[in-house]
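Student: What follows is entry.pdb; its format and atoms are PDB, C-alpha atoms, pLDDT in the B column.
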```
ATOM      1  CA  MET A   1     -88.962 -15.248  -9.570  1.00 74.00           C
ATOM      2  CA  SER A   2     -88.296 -17.372 -12.631  1.00 90.00           C
ATOM      3  CA  GLU A   3     -86.284 -15.960 -15.520  1.00 90.00           C
ATOM      4  CA  PHE A   4     -89.290 -16.534 -17.784  1.00 89.00           C
ATOM      5  CA  LEU A   5     -91.657 -14.499 -15.615  1.00 93.00           C
ATOM      6  CA  GLN A   6     -89.066 -11.741 -15.309  1.00 93.00           C
ATOM      7  CA  ALA A   7     -88.704 -11.614 -19.105  1.00 92.00           C
ATOM      8  CA  LEU A   8     -92.498 -11.567 -19.409  1.00 93.00           C
ATOM      9  CA  LYS A   9     -92.706  -8.639 -16.994  1.00 93.00           C
ATOM     10  CA  ASN A  10     -89.920  -6.811 -18.847  1.00 93.00           C
ATOM     11  CA  ARG A  11     -91.684  -7.153 -22.214  1.00 95.00           C
ATOM     12  CA  ARG A  12     -93.275  -3.825 -23.045  1.00 96.00           C
ATOM     13  CA  SER A  13     -94.296  -1.848 -26.110  1.00 96.00           C
ATOM     14  CA  ILE A  14     -91.173   0.102 -27.046  1.00 97.00           C
ATOM     15  CA  TYR A  15     -91.914   2.746 -29.668  1.00 96.00           C
ATOM     16  CA  ALA A  16     -88.559   4.542 -29.711  1.00 97.00           C
ATOM     17  CA  LEU A  17     -86.608   1.955 -31.680  1.00 98.00           C
ATOM     18  CA  GLY A  18     -83.206   2.214 -33.315  1.00 98.00           C
ATOM     19  CA  ARG A  19     -80.559   0.176 -35.085  1.00 98.00           C
ATOM     20  CA  ASN A  20     -77.947   0.029 -32.331  1.00 97.00           C
ATOM     21  CA  VAL A  21     -78.177  -3.742 -32.178  1.00 98.00           C
ATOM     22  CA  ASN A  22     -75.332  -6.006 -31.054  1.00 97.00           C
ATOM     23  CA  LEU A  23     -76.817  -9.195 -32.491  1.00 98.00           C
ATOM     24  CA  SER A  24     -76.354 -10.345 -36.071  1.00 98.00           C
ATOM     25  CA  GLU A  25     -79.304 -10.845 -38.408  1.00 98.00           C
ATOM     26  CA  ASP A  26     -78.632 -14.592 -38.220  1.00 98.00           C
ATOM     27  CA  GLU A  27     -78.764 -14.548 -34.419  1.00 98.00           C
ATOM     28  CA  ILE A  28     -82.010 -12.574 -34.407  1.00 98.00           C
ATOM     29  CA  THR A  29     -83.506 -14.877 -37.023  1.00 98.00           C
ATOM     30  CA  GLU A  30     -82.606 -17.928 -34.935  1.00 98.00           C
ATOM     31  CA  ILE A  31     -84.296 -16.407 -31.864  1.00 98.00           C
ATOM     32  CA  ILE A  32     -87.464 -15.736 -33.874  1.00 98.00           C
ATOM     33  CA  GLN A  33     -87.457 -19.185 -35.481  1.00 98.00           C
ATOM     34  CA  ASP A  34     -87.018 -20.959 -32.156  1.00 98.00           C
ATOM     35  CA  ALA A  35     -89.718 -18.884 -30.458  1.00 98.00           C
ATOM     36  CA  VAL A  36     -92.210 -19.764 -33.197  1.00 98.00           C
ATOM     37  CA  LYS A  37     -91.084 -23.371 -33.684  1.00 98.00           C
ATOM     38  CA  TYR A  38     -91.500 -24.248 -30.012  1.00 98.00           C
ATOM     39  CA  SER A  39     -94.813 -22.414 -29.542  1.00 98.00           C
ATOM     40  CA  PRO A  40     -97.751 -24.802 -29.194  1.00 98.00           C
ATOM     41  CA  THR A  41    -100.503 -25.116 -31.799  1.00 97.00           C
ATOM     42  CA  ALA A  42    -103.798 -26.995 -31.596  1.00 96.00           C
ATOM     43  CA  PHE A  43    -103.535 -30.464 -33.174  1.00 96.00           C
ATOM     44  CA  ASN A  44     -99.866 -29.605 -33.816  1.00 97.00           C
ATOM     45  CA  ALA A  45    -101.125 -27.673 -36.847  1.00 97.00           C
ATOM     46  CA  GLN A  46     -98.049 -25.410 -36.955  1.00 97.00           C
ATOM     47  CA  SER A  47    -100.136 -22.845 -38.853  1.00 97.00           C
ATOM     48  CA  PRO A  48     -98.147 -19.669 -38.050  1.00 98.00           C
ATOM     49  CA  ARG A  49     -95.904 -18.510 -40.887  1.00 98.00           C
ATOM     50  CA  ILE A  50     -93.169 -15.914 -40.524  1.00 98.00           C
ATOM     51  CA  VAL A  51     -91.348 -13.443 -42.741  1.00 98.00           C
ATOM     52  CA  VAL A  52     -88.494 -11.477 -41.139  1.00 98.00           C
ATOM     53  CA  LEU A  53     -87.594  -8.188 -42.802  1.00 98.00           C
ATOM     54  CA  PHE A  54     -84.247  -6.446 -42.303  1.00 98.00           C
ATOM     55  CA  GLY A  55     -82.590  -3.432 -43.928  1.00 96.00           C
ATOM     56  CA  ASP A  56     -84.117  -2.207 -47.184  1.00 97.00           C
ATOM     57  CA  ALA A  57     -86.936  -4.755 -46.933  1.00 98.00           C
ATOM     58  CA  ASN A  58     -87.937  -3.384 -43.531  1.00 98.00           C
ATOM     59  CA  GLU A  59     -87.967   0.168 -44.875  1.00 97.00           C
ATOM     60  CA  LYS A  60     -89.981  -0.992 -47.889  1.00 98.00           C
ATOM     61  CA  LEU A  61     -92.654  -2.424 -45.611  1.00 98.00           C
ATOM     62  CA  TRP A  62     -93.204   0.910 -43.912  1.00 98.00           C
ATOM     63  CA  ASP A  63     -93.216   2.709 -47.277  1.00 98.00           C
ATOM     64  CA  ILE A  64     -96.021   0.315 -48.265  1.00 98.00           C
ATOM     65  CA  VAL A  65     -97.909   1.121 -45.065  1.00 98.00           C
ATOM     66  CA  GLU A  66     -97.543   4.858 -45.614  1.00 98.00           C
ATOM     67  CA  ALA A  67     -98.709   4.623 -49.239  1.00 97.00           C
ATOM     68  CA  ALA A  68    -101.696   2.475 -48.239  1.00 98.00           C
ATOM     69  CA  LEU A  69    -102.766   4.818 -45.442  1.00 97.00           C
ATOM     70  CA  LYS A  70    -102.392   8.105 -47.325  1.00 97.00           C
ATOM     71  CA  PRO A  71    -105.690   7.884 -49.259  1.00 96.00           C
ATOM     72  CA  LEU A  72    -107.484   6.595 -46.146  1.00 96.00           C
ATOM     73  CA  THR A  73    -106.305   9.291 -43.725  1.00 96.00           C
ATOM     74  CA  PRO A  74    -107.632  12.877 -43.521  1.00 96.00           C
ATOM     75  CA  ALA A  75    -104.986  15.271 -44.870  1.00 94.00           C
ATOM     76  CA  GLU A  76    -104.707  17.157 -41.586  1.00 96.00           C
ATOM     77  CA  ALA A  77    -104.027  13.906 -39.684  1.00 95.00           C
ATOM     78  CA  PHE A  78    -101.555  12.436 -42.150  1.00 96.00           C
ATOM     79  CA  PRO A  79     -98.405  14.160 -40.778  1.00 96.00           C
ATOM     80  CA  ASN A  80     -99.001  12.414 -37.438  1.00 97.00           C
ATOM     81  CA  THR A  81     -99.445   9.113 -39.288  1.00 97.00           C
ATOM     82  CA  GLN A  82     -96.181   9.701 -41.161  1.00 97.00           C
ATOM     83  CA  LYS A  83     -94.373  10.435 -37.902  1.00 97.00           C
ATOM     84  CA  LYS A  84     -95.641   7.203 -36.373  1.00 97.00           C
ATOM     85  CA  ILE A  85     -94.615   5.190 -39.428  1.00 98.00           C
ATOM     86  CA  ALA A  86     -91.172   6.830 -39.435  1.00 97.00           C
ATOM     87  CA  GLY A  87     -90.717   5.465 -35.908  1.00 97.00           C
ATOM     88  CA  PHE A  88     -91.367   1.934 -37.149  1.00 98.00           C
ATOM     89  CA  LYS A  89     -89.118   2.453 -40.154  1.00 97.00           C
ATOM     90  CA  ALA A  90     -86.291   3.514 -37.807  1.00 97.00           C
ATOM     91  CA  GLY A  91     -86.312   0.076 -36.201  1.00 98.00           C
ATOM     92  CA  TYR A  92     -83.906  -2.721 -37.072  1.00 98.00           C
ATOM     93  CA  GLY A  93     -86.497  -5.057 -38.528  1.00 98.00           C
ATOM     94  CA  THR A  94     -90.049  -6.344 -38.569  1.00 98.00           C
ATOM     95  CA  VAL A  95     -91.493  -9.817 -38.144  1.00 98.00           C
ATOM     96  CA  LEU A  96     -94.572 -10.429 -40.281  1.00 98.00           C
ATOM     97  CA  PHE A  97     -96.874 -13.046 -38.755  1.00 98.00           C
ATOM     98  CA  PHE A  98     -99.183 -14.958 -41.074  1.00 98.00           C
ATOM     99  CA  LYS A  99    -101.812 -17.673 -40.633  1.00 98.00           C
ATOM    100  CA  GLU A 100    -101.573 -20.527 -43.125  1.00 98.00           C
ATOM    101  CA  THR A 101    -105.238 -20.946 -44.113  1.00 97.00           C
ATOM    102  CA  GLU A 102    -104.920 -24.187 -46.089  1.00 98.00           C
ATOM    103  CA  THR A 103    -103.749 -25.942 -42.934  1.00 96.00           C
ATOM    104  CA  VAL A 104    -106.857 -24.685 -41.151  1.00 96.00           C
ATOM    105  CA  LYS A 105    -109.150 -25.834 -43.974  1.00 97.00           C
ATOM    106  CA  ASN A 106    -107.554 -29.268 -44.088  1.00 97.00           C
ATOM    107  CA  LEU A 107    -108.052 -29.740 -40.357  1.00 97.00           C
ATOM    108  CA  GLN A 108    -111.661 -28.617 -40.651  1.00 97.00           C
ATOM    109  CA  GLU A 109    -112.215 -31.315 -43.260  1.00 97.00           C
ATOM    110  CA  GLN A 110    -110.399 -33.999 -41.254  1.00 97.00           C
ATOM    111  CA  PHE A 111    -112.082 -33.221 -37.928  1.00 96.00           C
ATOM    112  CA  ALA A 112    -115.621 -32.062 -38.747  1.00 96.00           C
ATOM    113  CA  LEU A 113    -116.685 -32.138 -35.089  1.00 97.00           C
ATOM    114  CA  TYR A 114    -114.254 -29.281 -34.343  1.00 96.00           C
ATOM    115  CA  ALA A 115    -114.472 -27.507 -37.704  1.00 96.00           C
ATOM    116  CA  ASP A 116    -115.872 -24.263 -36.303  1.00 97.00           C
ATOM    117  CA  ASN A 117    -113.046 -24.046 -33.762  1.00 97.00           C
ATOM    118  CA  PHE A 118    -110.014 -24.360 -36.022  1.00 97.00           C
ATOM    119  CA  PRO A 119    -109.983 -20.705 -37.193  1.00 97.00           C
ATOM    120  CA  ASP A 120    -110.085 -19.564 -33.547  1.00 97.00           C
ATOM    121  CA  TRP A 121    -107.414 -22.055 -32.543  1.00 97.00           C
ATOM    122  CA  ALA A 122    -105.206 -20.878 -35.398  1.00 97.00           C
ATOM    123  CA  GLU A 123    -105.557 -17.280 -34.183  1.00 98.00           C
ATOM    124  CA  GLN A 124    -104.650 -18.413 -30.665  1.00 98.00           C
ATOM    125  CA  SER A 125    -101.607 -20.231 -32.029  1.00 98.00           C
ATOM    126  CA  ASN A 126    -100.560 -17.103 -33.880  1.00 98.00           C
ATOM    127  CA  GLY A 127    -100.985 -15.038 -30.728  1.00 98.00           C
ATOM    128  CA  ILE A 128     -98.890 -17.469 -28.702  1.00 98.00           C
ATOM    129  CA  ALA A 129     -96.128 -17.445 -31.329  1.00 98.00           C
ATOM    130  CA  THR A 130     -96.219 -13.657 -31.476  1.00 98.00           C
ATOM    131  CA  ALA A 131     -96.081 -13.230 -27.706  1.00 98.00           C
ATOM    132  CA  ASN A 132     -93.286 -15.784 -27.345  1.00 98.00           C
ATOM    133  CA  THR A 133     -91.283 -14.057 -30.074  1.00 98.00           C
ATOM    134  CA  TRP A 134     -91.773 -10.703 -28.386  1.00 98.00           C
ATOM    135  CA  VAL A 135     -90.603 -12.032 -25.010  1.00 98.00           C
ATOM    136  CA  ALA A 136     -87.636 -13.789 -26.639  1.00 97.00           C
ATOM    137  CA  LEU A 137     -86.559 -10.565 -28.346  1.00 98.00           C
ATOM    138  CA  GLU A 138     -86.921  -8.723 -25.030  1.00 97.00           C
ATOM    139  CA  GLU A 139     -84.772 -11.319 -23.303  1.00 96.00           C
ATOM    140  CA  ALA A 140     -82.150 -10.779 -26.021  1.00 97.00           C
ATOM    141  CA  GLY A 141     -82.097  -7.066 -25.175  1.00 96.00           C
ATOM    142  CA  LEU A 142     -84.259  -5.796 -28.029  1.00 98.00           C
ATOM    143  CA  GLY A 143     -87.350  -3.632 -27.852  1.00 98.00           C
ATOM    144  CA  ALA A 144     -90.462  -4.238 -29.914  1.00 98.00           C
ATOM    145  CA  ASN A 145     -94.026  -3.134 -30.535  1.00 98.00           C
ATOM    146  CA  LEU A 146     -96.902  -4.912 -32.264  1.00 98.00           C
ATOM    147  CA  GLN A 147     -98.841  -3.388 -35.156  1.00 98.00           C
ATOM    148  CA  HIS A 148    -101.883  -4.480 -37.176  1.00 98.00           C
ATOM    149  CA  TYR A 149    -101.994  -2.812 -40.584  1.00 98.00           C
ATOM    150  CA  ASN A 150    -103.618  -5.854 -42.124  1.00 95.00           C
ATOM    151  CA  PRO A 151    -105.756  -6.108 -44.232  1.00 97.00           C
ATOM    152  CA  VAL A 152    -104.926  -2.657 -45.659  1.00 97.00           C
ATOM    153  CA  ILE A 153    -101.424  -3.755 -46.718  1.00 98.00           C
ATOM    154  CA  ASP A 154    -102.068  -7.441 -47.443  1.00 98.00           C
ATOM    155  CA  GLU A 155    -102.136  -7.264 -51.223  1.00 98.00           C
ATOM    156  CA  ALA A 156     -99.066  -5.028 -51.548  1.00 98.00           C
ATOM    157  CA  VAL A 157     -97.065  -7.146 -49.076  1.00 98.00           C
ATOM    158  CA  ALA A 158     -98.007 -10.353 -50.883  1.00 98.00           C
ATOM    159  CA  LYS A 159     -96.959  -8.869 -54.217  1.00 98.00           C
ATOM    160  CA  GLU A 160     -93.680  -7.386 -52.935  1.00 98.00           C
ATOM    161  CA  TRP A 161     -92.402 -10.576 -51.296  1.00 98.00           C
ATOM    162  CA  ASN A 162     -94.228 -13.258 -53.281  1.00 98.00           C
ATOM    163  CA  ILE A 163     -96.281 -14.413 -50.300  1.00 98.00           C
ATOM    164  CA  PRO A 164     -98.382 -17.540 -50.952  1.00 98.00           C
ATOM    165  CA  ALA A 165    -102.111 -16.884 -51.351  1.00 97.00           C
ATOM    166  CA  SER A 166    -102.847 -19.191 -48.411  1.00 98.00           C
ATOM    167  CA  TRP A 167    -100.840 -17.022 -45.994  1.00 98.00           C
ATOM    168  CA  GLN A 168    -103.076 -14.469 -44.274  1.00 98.00           C
ATOM    169  CA  LEU A 169    -101.238 -11.537 -42.664  1.00 98.00           C
ATOM    170  CA  ARG A 170    -102.140 -11.141 -38.987  1.00 98.00           C
ATOM    171  CA  SER A 171     -99.637  -8.703 -37.422  1.00 98.00           C
ATOM    172  CA  GLN A 172     -96.324  -6.887 -37.666  1.00 98.00           C
ATOM    173  CA  LEU A 173     -93.823  -7.005 -34.783  1.00 98.00           C
ATOM    174  CA  VAL A 174     -91.354  -4.142 -35.170  1.00 98.00           C
ATOM    175  CA  PHE A 175     -88.071  -4.531 -33.278  1.00 98.00           C
ATOM    176  CA  GLY A 176     -84.780  -2.760 -32.669  1.00 98.00           C
ATOM    177  CA  SER A 177     -82.612  -1.224 -30.011  1.00 98.00           C
ATOM    178  CA  LYS A 178     -84.401   0.472 -27.126  1.00 97.00           C
ATOM    179  CA  GLU A 179     -83.851   4.189 -27.609  1.00 97.00           C
ATOM    180  CA  ALA A 180     -86.240   5.175 -24.796  1.00 94.00           C
ATOM    181  CA  ALA A 181     -88.019   3.364 -21.994  1.00 91.00           C
ATOM    182  CA  ALA A 182     -91.640   2.312 -22.144  1.00 92.00           C
ATOM    183  CA  GLY A 183     -94.217   4.490 -20.441  1.00 87.00           C
ATOM    184  CA  GLU A 184     -95.882   3.574 -17.175  1.00 89.00           C
ATOM    185  CA  LYS A 185     -98.363   0.723 -17.416  1.00 90.00           C
ATOM    186  CA  GLU A 186    -101.550   0.559 -15.404  1.00 92.00           C
ATOM    187  CA  PHE A 187    -103.143  -2.711 -14.422  1.00 93.00           C
ATOM    188  CA  LEU A 188    -106.696  -3.526 -13.474  1.00 95.00           C
ATOM    189  CA  ASP A 189    -107.142  -4.740  -9.931  1.00 95.00           C
ATOM    190  CA  ASP A 190    -106.436  -8.467  -9.748  1.00 94.00           C
ATOM    191  CA  GLY A 191    -109.878  -8.987  -8.219  1.00 92.00           C
ATOM    192  CA  GLU A 192    -111.490  -7.854 -11.468  1.00 95.00           C
ATOM    193  CA  ARG A 193    -109.537 -10.272 -13.655  1.00 96.00           C
ATOM    194  CA  PHE A 194    -108.785 -13.393 -11.662  1.00 96.00           C
ATOM    195  CA  ARG A 195    -110.792 -15.936  -9.710  1.00 95.00           C
ATOM    196  CA  VAL A 196    -109.414 -18.839  -7.735  1.00 95.00           C
ATOM    197  CA  ILE A 197    -111.940 -21.555  -6.969  1.00 96.00           C
ATOM    198  CA  HIS A 198    -111.312 -24.485  -4.588  1.00 95.00           C
TER     199      HIS A 198
END
```
For this file, produce the structure as structure tokens.

Tutor:
Amino acid sequence: MSEFLQALKNRRSIYALGRNVNLSEDEITEIIQDAVKYSPTAFNAQSPRIVVLFGDANEKLWDIVEAALKPLTPAEAFPNTQKKIAGFKAGYGTVLFFKETETVKNLQEQFALYADNFPDWAEQSNGIATANTWVALEEAGLGANLQHYNPVIDEAVAKEWNIPASWQLRSQLVFGSKEAAAGEKEFLDDGERFRVIH
């Protein structure tokens, strides 16, 4: 089996994250940058944008999430929400994935025939960059899980880190040391998902 496929199989949602990381912030940043930089995009649009949060900035993100969710969550359910958020906050960092919307608009104007497709293609590009980053972090020995608190936190995140108005938040990839293994994963039967036609 190829090293790539093995890394892909090893990539799992790890929720018990810690800060027992042997890599420097610079090394982690380089892994993330390379994973995104070399991920394909339709028309070479390069529309994914990335913000990597470490240390106090990472903790601030999850404080923002907690504050945003408090008025939206029933009081009796909020302690469970806080516990979940504390797990993310305990990680080493978070990668914020954004879609650069001006790039998409410009391509829609340049290539009118495909205009309706560019938003979908940009989402696909973001998904590819996210998945590649996740696998790259796994290969480097880190655990991660993917969250989607957008659009609830969009405004506060943009204000806190001076995010350009054209960057639309799409997901949050939390990462850190693996403090517990992932749970068992069930797969649909291959016959339900795959067809080979000759």

Student: Which is closest to Asp154 of chain A among A:Ile64, A:Ala115, A:Val52, A:Leu107, if we use all atoms listed in the file?

Tutor: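 Of A:Ile64, A:Ala115, A:Val52, A:Leu107, the one nearest Asp154 of chain A is A:Ile64, counting all atoms listed in the file.
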
Student: Pull out every residue that the PyMOL selection byres ((chain A and resi 101) around 8) matches in the shown coordinates and put them as a list of chain:residue names.

Tutor: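 Checked against the file, the PyMOL selection byres ((chain A and resi 101) around 8) matches A:Ser47, A:Lys99, A:Glu100, A:Glu102, A:Thr103, A:Val104, A:Lys105, A:Ser166, A:Trp167, A:Gln168.
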
Student: Running the PyMOL selection byres ((chain A and resi 22) around 10) on this model by hand, what would come out? Give it as a PyMOL selection string.

Tutor: chain A and resi 19-21+23-25+27-28+140-142+177

Student: Those selected residues, please, written with C-alpha atoms and delivered as a tab-separated table (two decimals), in the frame of the given file.

Tutor:
```
chain	number	residue	atom	x	y	z
A	19	ARG	CA	-80.56	0.18	-35.08
A	20	ASN	CA	-77.95	0.03	-32.33
A	21	VAL	CA	-78.18	-3.74	-32.18
A	23	LEU	CA	-76.82	-9.20	-32.49
A	24	SER	CA	-76.35	-10.34	-36.07
A	25	GLU	CA	-79.30	-10.84	-38.41
A	27	GLU	CA	-78.76	-14.55	-34.42
A	28	ILE	CA	-82.01	-12.57	-34.41
A	140	ALA	CA	-82.15	-10.78	-26.02
A	141	GLY	CA	-82.10	-7.07	-25.18
A	142	LEU	CA	-84.26	-5.80	-28.03
A	177	SER	CA	-82.61	-1.22	-30.01
```

Student: Evaluate the PyMOL selection byres ((chain A and resi 136) around 8) here and jot the selected residues down as an mmCIF file with C-alpha atoms, keeping the file's coordinate frame.

Tutor:
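That gives us out.cif:
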```cif
data_model
loop_
_atom_site.group_PDB
_atom_site.id
_atom_site.type_symbol
_atom_site.label_atom_id
_atom_site.label_comp_id
_atom_site.auth_asym_id
_atom_site.auth_seq_id
_atom_site.Cartn_x
_atom_site.Cartn_y
_atom_site.Cartn_z
ATOM 1 C CA ALA A 7 -88.704 -11.614 -19.105
ATOM 2 C CA ILE A 31 -84.296 -16.407 -31.864
ATOM 3 C CA ILE A 32 -87.464 -15.736 -33.874
ATOM 4 C CA ALA A 35 -89.718 -18.884 -30.458
ATOM 5 C CA ASN A 132 -93.286 -15.784 -27.345
ATOM 6 C CA THR A 133 -91.283 -14.057 -30.074
ATOM 7 C CA TRP A 134 -91.773 -10.703 -28.386
ATOM 8 C CA VAL A 135 -90.603 -12.032 -25.010
ATOM 9 C CA LEU A 137 -86.559 -10.565 -28.346
ATOM 10 C CA GLU A 138 -86.921 -8.723 -25.030
ATOM 11 C CA GLU A 139 -84.772 -11.319 -23.303
ATOM 12 C CA ALA A 140 -82.150 -10.779 -26.021
#
```

Student: Can you measure atom CA of Glu59 of chain A to atom CA of Ile153 of chain A for me? One decimal in Å is fine.

Tutor: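 Atom-to-atom, atom CA of Glu59 of chain A to atom CA of Ile153 of chain A, that is 14.1 Å.
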
Student: Considering only C-alpha atoms, can you say which of A:Glu123, A:Ala156, A:Met1, A:Phe97 comes closest to Trp62 of chain A?

Tutor: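 Of the candidates, the smallest distance to Trp62 of chain A is held by A:Ala156.
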
Student: Kindly give the distance, in Å, that separates atom CA of Arg170 of chain A and atom CA of Asn150 of chain A, rounded to a single decimal.

Tutor: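 Between these atoms lies a distance of 6.3 Å.
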
Student: At what distance in Å, to one decimal, does atom CA of Lys89 of chain A lie from atom CA of Trp161 of chain A?

Tutor: 17.5 Å

Student: Which protein, DNA or RNA residues have an atom at most 8 Å from (-94.8, -14.9, -47.9), counting only C-alpha atoms? List them as a VMD selection string.

Tutor: chain A and resid 49 to 51 158 161 to 164 167

Student: Around (-88.8, -2.4, -47.4), as given in the file, which residues come within 12 Å? Count only C-alpha atoms and list them as an MDAnalysis selection string.

Tutor: chainID A and resid 52:66 88:94 156:157 160:161

Student: Since the input is missing atoms for segment 146-165 of chain A, could you rebuild it with N, CA, C and O atoms and give the result as a PDB file, in the coordinates of the input?

Tutor:
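File part08.pdb, as written:
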```pdb
ATOM      1  N   LEU A 146     -96.075  -4.120 -31.356  1.00 98.00           N
ATOM      2  CA  LEU A 146     -96.902  -4.912 -32.264  1.00 98.00           C
ATOM      3  C   LEU A 146     -97.900  -4.026 -32.989  1.00 98.00           C
ATOM      4  O   LEU A 146     -98.616  -3.240 -32.361  1.00 98.00           O
ATOM      5  N   GLN A 147     -97.949  -4.181 -34.316  1.00 98.00           N
ATOM      6  CA  GLN A 147     -98.841  -3.388 -35.156  1.00 98.00           C
ATOM      7  C   GLN A 147     -99.766  -4.303 -35.952  1.00 98.00           C
ATOM      8  O   GLN A 147     -99.463  -5.476 -36.158  1.00 98.00           O
ATOM      9  N   HIS A 148    -100.881  -3.723 -36.409  1.00 98.00           N
ATOM     10  CA  HIS A 148    -101.883  -4.480 -37.176  1.00 98.00           C
ATOM     11  C   HIS A 148    -102.366  -3.622 -38.341  1.00 98.00           C
ATOM     12  O   HIS A 148    -103.445  -3.023 -38.269  1.00 98.00           O
ATOM     13  N   TYR A 149    -101.589  -3.568 -39.393  1.00 98.00           N
ATOM     14  CA  TYR A 149    -101.994  -2.812 -40.584  1.00 98.00           C
ATOM     15  C   TYR A 149    -102.649  -3.712 -41.631  1.00 98.00           C
ATOM     16  O   TYR A 149    -102.946  -3.260 -42.727  1.00 98.00           O
ATOM     17  N   ASN A 150    -102.845  -4.965 -41.280  1.00 95.00           N
ATOM     18  CA  ASN A 150    -103.618  -5.854 -42.124  1.00 95.00           C
ATOM     19  C   ASN A 150    -105.109  -5.543 -41.905  1.00 95.00           C
ATOM     20  O   ASN A 150    -105.461  -5.127 -40.795  1.00 95.00           O
ATOM     21  N   PRO A 151    -105.988  -5.631 -42.874  1.00 97.00           N
ATOM     22  CA  PRO A 151    -105.756  -6.108 -44.232  1.00 97.00           C
ATOM     23  C   PRO A 151    -105.377  -5.011 -45.243  1.00 97.00           C
ATOM     24  O   PRO A 151    -105.252  -5.292 -46.426  1.00 97.00           O
ATOM     25  N   VAL A 152    -105.175  -3.786 -44.755  1.00 97.00           N
ATOM     26  CA  VAL A 152    -104.926  -2.657 -45.659  1.00 97.00           C
ATOM     27  C   VAL A 152    -103.699  -2.889 -46.539  1.00 97.00           C
ATOM     28  O   VAL A 152    -103.671  -2.495 -47.704  1.00 97.00           O
ATOM     29  N   ILE A 153    -102.679  -3.572 -45.982  1.00 98.00           N
ATOM     30  CA  ILE A 153    -101.424  -3.755 -46.718  1.00 98.00           C
ATOM     31  C   ILE A 153    -101.254  -5.157 -47.293  1.00 98.00           C
ATOM     32  O   ILE A 153    -100.240  -5.450 -47.925  1.00 98.00           O
ATOM     33  N   ASP A 154    -102.232  -6.020 -47.092  1.00 98.00           N
ATOM     34  CA  ASP A 154    -102.068  -7.441 -47.443  1.00 98.00           C
ATOM     35  C   ASP A 154    -101.654  -7.653 -48.902  1.00 98.00           C
ATOM     36  O   ASP A 154    -100.702  -8.388 -49.193  1.00 98.00           O
ATOM     37  N   GLU A 155    -102.384  -7.041 -49.797  1.00 98.00           N
ATOM     38  CA  GLU A 155    -102.136  -7.264 -51.223  1.00 98.00           C
ATOM     39  C   GLU A 155    -100.747  -6.779 -51.637  1.00 98.00           C
ATOM     40  O   GLU A 155    -100.019  -7.480 -52.355  1.00 98.00           O
ATOM     41  N   ALA A 156    -100.377  -5.588 -51.182  1.00 98.00           N
ATOM     42  CA  ALA A 156     -99.066  -5.028 -51.548  1.00 98.00           C
ATOM     43  C   ALA A 156     -97.925  -5.847 -50.951  1.00 98.00           C
ATOM     44  O   ALA A 156     -96.895  -6.074 -51.607  1.00 98.00           O
ATOM     45  N   VAL A 157     -98.089  -6.313 -49.718  1.00 98.00           N
ATOM     46  CA  VAL A 157     -97.065  -7.146 -49.076  1.00 98.00           C
ATOM     47  C   VAL A 157     -96.914  -8.467 -49.824  1.00 98.00           C
ATOM     48  O   VAL A 157     -95.799  -8.920 -50.103  1.00 98.00           O
ATOM     49  N   ALA A 158     -98.048  -9.076 -50.159  1.00 98.00           N
ATOM     50  CA  ALA A 158     -98.007 -10.353 -50.883  1.00 98.00           C
ATOM     51  C   ALA A 158     -97.299 -10.206 -52.230  1.00 98.00           C
ATOM     52  O   ALA A 158     -96.504 -11.058 -52.628  1.00 98.00           O
ATOM     53  N   LYS A 159     -97.577  -9.114 -52.907  1.00 98.00           N
ATOM     54  CA  LYS A 159     -96.959  -8.869 -54.217  1.00 98.00           C
ATOM     55  C   LYS A 159     -95.467  -8.598 -54.080  1.00 98.00           C
ATOM     56  O   LYS A 159     -94.652  -9.133 -54.843  1.00 98.00           O
ATOM     57  N   GLU A 160     -95.087  -7.783 -53.102  1.00 98.00           N
ATOM     58  CA  GLU A 160     -93.680  -7.386 -52.935  1.00 98.00           C
ATOM     59  C   GLU A 160     -92.785  -8.571 -52.597  1.00 98.00           C
ATOM     60  O   GLU A 160     -91.662  -8.663 -53.090  1.00 98.00           O
ATOM     61  N   TRP A 161     -93.267  -9.482 -51.758  1.00 98.00           N
ATOM     62  CA  TRP A 161     -92.402 -10.576 -51.296  1.00 98.00           C
ATOM     63  C   TRP A 161     -92.914 -11.957 -51.715  1.00 98.00           C
ATOM     64  O   TRP A 161     -92.512 -12.958 -51.126  1.00 98.00           O
ATOM     65  N   ASN A 162     -93.765 -11.990 -52.715  1.00 98.00           N
ATOM     66  CA  ASN A 162     -94.228 -13.258 -53.281  1.00 98.00           C
ATOM     67  C   ASN A 162     -94.777 -14.188 -52.201  1.00 98.00           C
ATOM     68  O   ASN A 162     -94.384 -15.359 -52.090  1.00 98.00           O
ATOM     69  N   ILE A 163     -95.682 -13.651 -51.399  1.00 98.00           N
ATOM     70  CA  ILE A 163     -96.281 -14.413 -50.300  1.00 98.00           C
ATOM     71  C   ILE A 163     -97.357 -15.348 -50.863  1.00 98.00           C
ATOM     72  O   ILE A 163     -98.192 -14.913 -51.659  1.00 98.00           O
ATOM     73  N   PRO A 164     -97.354 -16.617 -50.463  1.00 98.00           N
ATOM     74  CA  PRO A 164     -98.382 -17.540 -50.952  1.00 98.00           C
ATOM     75  C   PRO A 164     -99.796 -17.041 -50.634  1.00 98.00           C
ATOM     76  O   PRO A 164    -100.024 -16.424 -49.586  1.00 98.00           O
ATOM     77  N   ALA A 165    -100.726 -17.341 -51.512  1.00 97.00           N
ATOM     78  CA  ALA A 165    -102.111 -16.884 -51.351  1.00 97.00           C
ATOM     79  C   ALA A 165    -102.746 -17.435 -50.079  1.00 97.00           C
ATOM     80  O   ALA A 165    -103.666 -16.820 -49.525  1.00 97.00           O
TER      81      ALA A 165
END
```
